[in-house]
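Accompanying notes for the structure given below.
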Amino acid sequence: MAWEYSEKTKQLFMDAVHGKPGTHLGEIENPDGFGEHGSLACGDAIRFTFQVQRHPTDPTQDVITAARYLTFGCTSAIAASEALCTLIERGRFTPIQALRVQNKDIVTFLGGLPEQKIHCSVMGAEALEAAVFNWAQRRGVDLDKLGIDLHADEKAEGRIVCKCFSLSEPYIRRKIKELNLRTIPEITNAIKAGGACMACHHVPGGLQDLLDEVWKDGGQQRQLPILTQVALPPRTAASEPPQGEPALSPYQFAKKLEKAIDEQVRPMLRADGGDVEIVDIKDCLVYCRLAGACQGCHNANQTLKLMIERVLKETVDERVRVIEV
Amino acid sequence: MSLIYLDNNATTQVAPEVFQAMVPFFHEDYFNPSSMYEPARRTAGALAEARRQAAAHFGLADAKQILFTSCASESNNMAILGTAKANPHRRHIVTTAVEHPAVLEVCKDLQRSGYRVTFLGVDRHGNLDLGEFVRALDADTLLVTIMHANNETGVIFPIPQLSRIVKETDPAIIFHTDATQSVGKVPIDLEREYPHVDLLSFSGHKLHAPKGVGVLYLKRGAACRPLLIGGHQEEGRRAGTENVPYIVGLAKALELSQAAFEDEQTRVRRLRDRLERELQARIPNVQVNGQGAPRLPNTLNISCHYVEGEGMLYQLSDFGICASSGSACTSGSLEPSHVLRALGVPFTAVHGSIRFSFSRYNTDADVDRVIEVFPQIVANLRRLSPYWDQEKDCPRPDADALIQPS
């Protein structure tokens, strides 16, 4: 399956792999800041290094002059690493200012990322944090005193929740808050947790429990009943009834549906010795039993189903979905 | 007198190969698979291999989806209670009236704590009404739990179709099937044929593994919380030190059943069909329950009107023949079979029902013996029955009226 990358993402990736001048591939020797995130086992990893112009008296006034990365990972991981380095060099930030570069900035710079690839931008931001922490140690800067918490201890101390990607409870908890993650798929997209064996989703102390604890009752956005959502998705502009025309009642909807089936679907099926029976209608879900022609042949029925669905979408409501019973 | 065992839907004998496979794990490789030393790593390896074998039986590449439990009842309890717990915003469950008590009673217990439960009925053949099934699904439905094959009648429900309808209606509804009676008797390729099933339960002892081991198939990511907690085993989804010898035995039994599918579909089916045909020909006033529906190849449930099941079992037992009955007197609860009642089997015929269930260890000689003795057993009881006209050797004209429960 091809990911839908933005032109910017593809361009940055191609530039990097071809070593075009101005790209940031590489590792700075004797760097002032060194940070890593991810691991080979997790499928992607970044090593991020930067160099500063040292301030003669106040290390907090150091300015980052160069940033480089070595990244093992997919197209978007490499593009995100490029984006990170570009953003940091361009800003002429102090390391502490550089912390303001967050995963959303990387996503914006890239012109968006597919949902499943958001974690690539998070990885860059994490490597940056680790490098700043490293710089602070080298330069004797007490980040705590400055009120900056880089959570360097959470990995070492926390209980591992996602074993596949080795992600700890404090880390996942923090990311849920920082990135405003509300569902398990959102967590997986952002930080990969729960994306492989999925065993940690619903165990005690697992991802759902962390979500429930972080958001308590108020902010909770659990899965809502989907039947109504699926059956009655919001109308698109195309299906909007003309101004002033009232919506169909369920009775009228069913009648219109039957009429379409009688007049447009049945004649076609009967020509081939087949027929269709409406078993039930729930909102926009139309349950049909196909008879005659190809009984028992699931593939043929699949074709018929799609044909019926197309007719009903065109003549009754574009939200109609046909389910074969 | 040699034993003729025709109660394989109740339990089965452990296959000799299964027993042999288990033995080393009692005395040589008895280690806890969670321990670190080398011998324990071997035990852990055997456990992993058993899990892989069990997964392969169902066409699954990812073996982590197989959870080992203590029995099918545990698997069913976890499937239902765990799903309810993981989806607290929904409060409706759909099941059928003919489930095993390990599903039925768990659903009724949830009903007591405020859940809505729809118990779908069946027609006189044992089939579900698909229209009724569709109507039962609503926006509050969290779980559909429907058995694959019925333990009493052997009737098979169309699980691939039912689960597909559920998921096309709403992918958030969890679909569970209790496949205790079908696993090992019919092939089940979960990835290809049953892609919409989230949870599937069964036990080992119905397919020539020992009692005390079961499986819950838990599809990756299915929202179901554990029942037993307090251990890291099974990735935290089922605590408790793994029952390694039994798990190894279960894996072996699955492998053997795979090789025996053809025998089950041909020779075993012929045994059952011959018994069915002959009993219907030789005994008046009988009906075969579930005859008009797709059925397991090994199960025959036959009702002899105007006689009582326990009396038949008792006499059969005198001949060394083991079977079972849906009669109240044999159930322990003094309630006649809820399954046969759901099929609309008349009261008298429920009490006079008898189930013969075969395995690959049965032979033509077993069938011959039952055909030889069973008609007389029924005749003996009818001679005592107040509903039977002794002179004309047929039911009394008022029999059905006399029998109606008040």
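Note on naming: chains are A, B, ... as they come in the structure tokens, residues start from 1 per chain, ligands start from 1 in the order shown.
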
Nearby residues (only C-alpha atoms) at most 9 Å from B:Ile66, same-chain spacing under 3 positions excluded, as number ranges by chain: B: 51-52, 54-55, 62-63, 215-219, 234

Residues of chain B within 6 Å of chain A, only C-alpha atoms counted, as number ranges by chain: B: 131, 139, 170, 220-221, 225

Who sits within 7 Å of B:Gln287, only C-alpha atoms, same chain under 5 positions skipped, as a ChimeraX atom specification: /B:302-304

With C-alpha atoms kept, could you save the residues just selected as a JSON list (two decimals), in the first residue's frame?
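Output contents, as saved in again-v7.json:
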[["chain", "number", "residue", "atom", "x", "y", "z"],
["B", 302, "ILE", "CA", -33.46, -38.75, 17.98],
["B", 303, "SER", "CA", -36.69, -38.43, 19.95],
["B", 304, "CYS", "CA", -38.82, -41.44, 20.77]]

Alpha helix (DSSP H) positions in stretch 16-156 of chain A, given as a PyMOL selection string: chain A and resi 16-17+75-91+95-98+103-109+118-139+154-156

Contacts of A:Leu146 at 12 Å (only C-alpha atoms; same-chain gap of 3+ positions) as a ChimeraX atom specification: /A:60,96,136,141-143,149-150

What's around B:Ile93 at 10 Å? Count only C-alpha atoms, leave out sequence neighbours fewer than 2 positions away in its own chain, and write the answer as a short mmCIF file (atom, residue, chain, number, x, y, z; two decimals) with C-alpha atoms, in the first residue's frame.
data_model
loop_
_atom_site.label_atom_id
_atom_site.label_comp_id
_atom_site.auth_asym_id
_atom_site.auth_seq_id
_atom_site.Cartn_x
_atom_site.Cartn_y
_atom_site.Cartn_z
CA ILE B 80 -18.50 -12.29 27.10
CA ALA B 84 -18.68 -6.16 28.13
CA ARG B 90 -22.76 -0.23 25.05
CA ARG B 91 -25.27 -2.39 26.89
CA THR B 95 -27.21 -14.48 21.45
CA CYS B 107 -25.58 -13.56 29.33
CA LEU B 110 -25.28 -9.67 32.65
CA GLN B 111 -29.01 -9.24 32.15
CA TYR B 115 -27.71 -5.37 30.20
CA ARG B 116 -30.23 -5.95 27.46
CA VAL B 117 -29.93 -9.42 25.95
CA THR B 118 -31.70 -10.66 22.82
CA PHE B 119 -32.12 -14.45 22.75
CA ALA B 136 -31.71 -7.61 16.73
CA LEU B 137 -28.63 -5.53 15.88
CA ASP B 138 -28.79 -1.95 17.08
CA ASP B 140 -26.16 -0.19 21.49
CA THR B 141 -25.09 -3.74 20.56
CA LEU B 142 -21.63 -4.52 21.92
CA LEU B 143 -21.44 -8.28 21.36
CA VAL B 144 -22.97 -10.99 19.24
CA THR B 145 -22.24 -14.45 20.65
CA ILE B 173 -19.67 -4.91 17.42
CA ILE B 174 -17.58 -7.85 18.66
#

DSSP-assigned strand (DSSP E) members of stretch 281-348 of chain B, reported as a ChimeraX atom specification: /B:286-288,299-304,321-322

For C-alpha atoms, I'd like the residues from the last selection saved as a PDB file, in the first residue's frame.
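Ended up saving to part-v9.pdb:
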ATOM      1  CA  VAL B 286     -39.569 -41.165  16.249  1.00  0.00           C
ATOM      2  CA  GLN B 287     -38.200 -37.874  14.956  1.00  0.00           C
ATOM      3  CA  VAL B 288     -34.661 -36.803  14.225  1.00  0.00           C
ATOM      4  CA  THR B 299     -24.247 -36.231  15.935  1.00  0.00           C
ATOM      5  CA  LEU B 300     -27.623 -37.965  15.961  1.00  0.00           C
ATOM      6  CA  ASN B 301     -30.360 -36.603  18.188  1.00  0.00           C
ATOM      7  CA  ILE B 302     -33.461 -38.746  17.984  1.00  0.00           C
ATOM      8  CA  SER B 303     -36.689 -38.426  19.953  1.00  0.00           C
ATOM      9  CA  CYS B 304     -38.820 -41.445  20.774  1.00  0.00           C
ATOM     10  CA  ILE B 321     -23.637 -48.551  25.301  1.00  0.00           C
ATOM     11  CA  CYS B 322     -22.982 -44.951  26.391  1.00  0.00           C
TER      12      CYS B 322
END

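Here the question is which of A:Thr315, A:Arg100, A:Ala291, A:Leu304 gets nearest to A:Glu263 using only C-alpha atoms, and that residue is A:Thr315.
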
Residues near B:Gln181, anyone? I mean within 8 Å using only C-alpha atoms, not counting same-chain ones fewer than 6 positions away, as a JSON list (two decimals) with C-alpha atoms, in the first residue's frame.
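Produced file result_17.json, reproduced below:
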[["chain", "number", "residue", "atom", "x", "y", "z"],
["B", 9, "ASN", "CA", -20.11, -34.66, 22.37],
["B", 148, "HIS", "CA", -20.89, -22.69, 15.77],
["B", 149, "ALA", "CA", -22.38, -26.17, 16.20],
["B", 150, "ASN", "CA", -24.99, -27.17, 18.73],
["B", 151, "ASN", "CA", -23.90, -29.72, 21.32],
["B", 154, "GLY", "CA", -25.19, -30.90, 15.96],
["B", 202, "PHE", "CA", -13.27, -24.36, 22.46],
["B", 206, "LYS", "CA", -14.03, -32.83, 22.79]]

Counting only C-alpha atoms, the residue of B:Pro171, B:Pro187, B:Pro195, B:Pro210 that sits nearest B:Leu296: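 Of B:Pro171, B:Pro187, B:Pro195, B:Pro210, the one nearest B:Leu296 is B:Pro187, counting only C-alpha atoms.
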
Spatial neighbours of A:Lys104, max dist 9 Å, only C-alpha atoms, sep filter under 5 positions, as a list of chain:residue names: A:Phe109, A:Ser121, A:Val122

Could you dump the residues just selected with C-alpha atoms as a compact mmCIF listing (two decimals), in the first residue's frame?
# COMPACT_ATOMS: atom_id res chain seq x y z
CA PHE A 109 6.91 21.85 7.43
CA SER A 121 7.61 13.38 13.43
CA VAL A 122 7.34 12.43 17.09

Nearest-residue call for B:Arg274, choices B:Glu308, B:Glu255, B:Asp364, B:Asp318, using only C-alpha atoms: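 Among the listed residues, the smallest separation from B:Arg274 belongs to B:Asp364.
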
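Residue nearest A:Arg174, chosen from A:Trp215, A:Cys42, A:Lys145, A:Tyr69 and counting only C-alpha atoms: A:Trp215.
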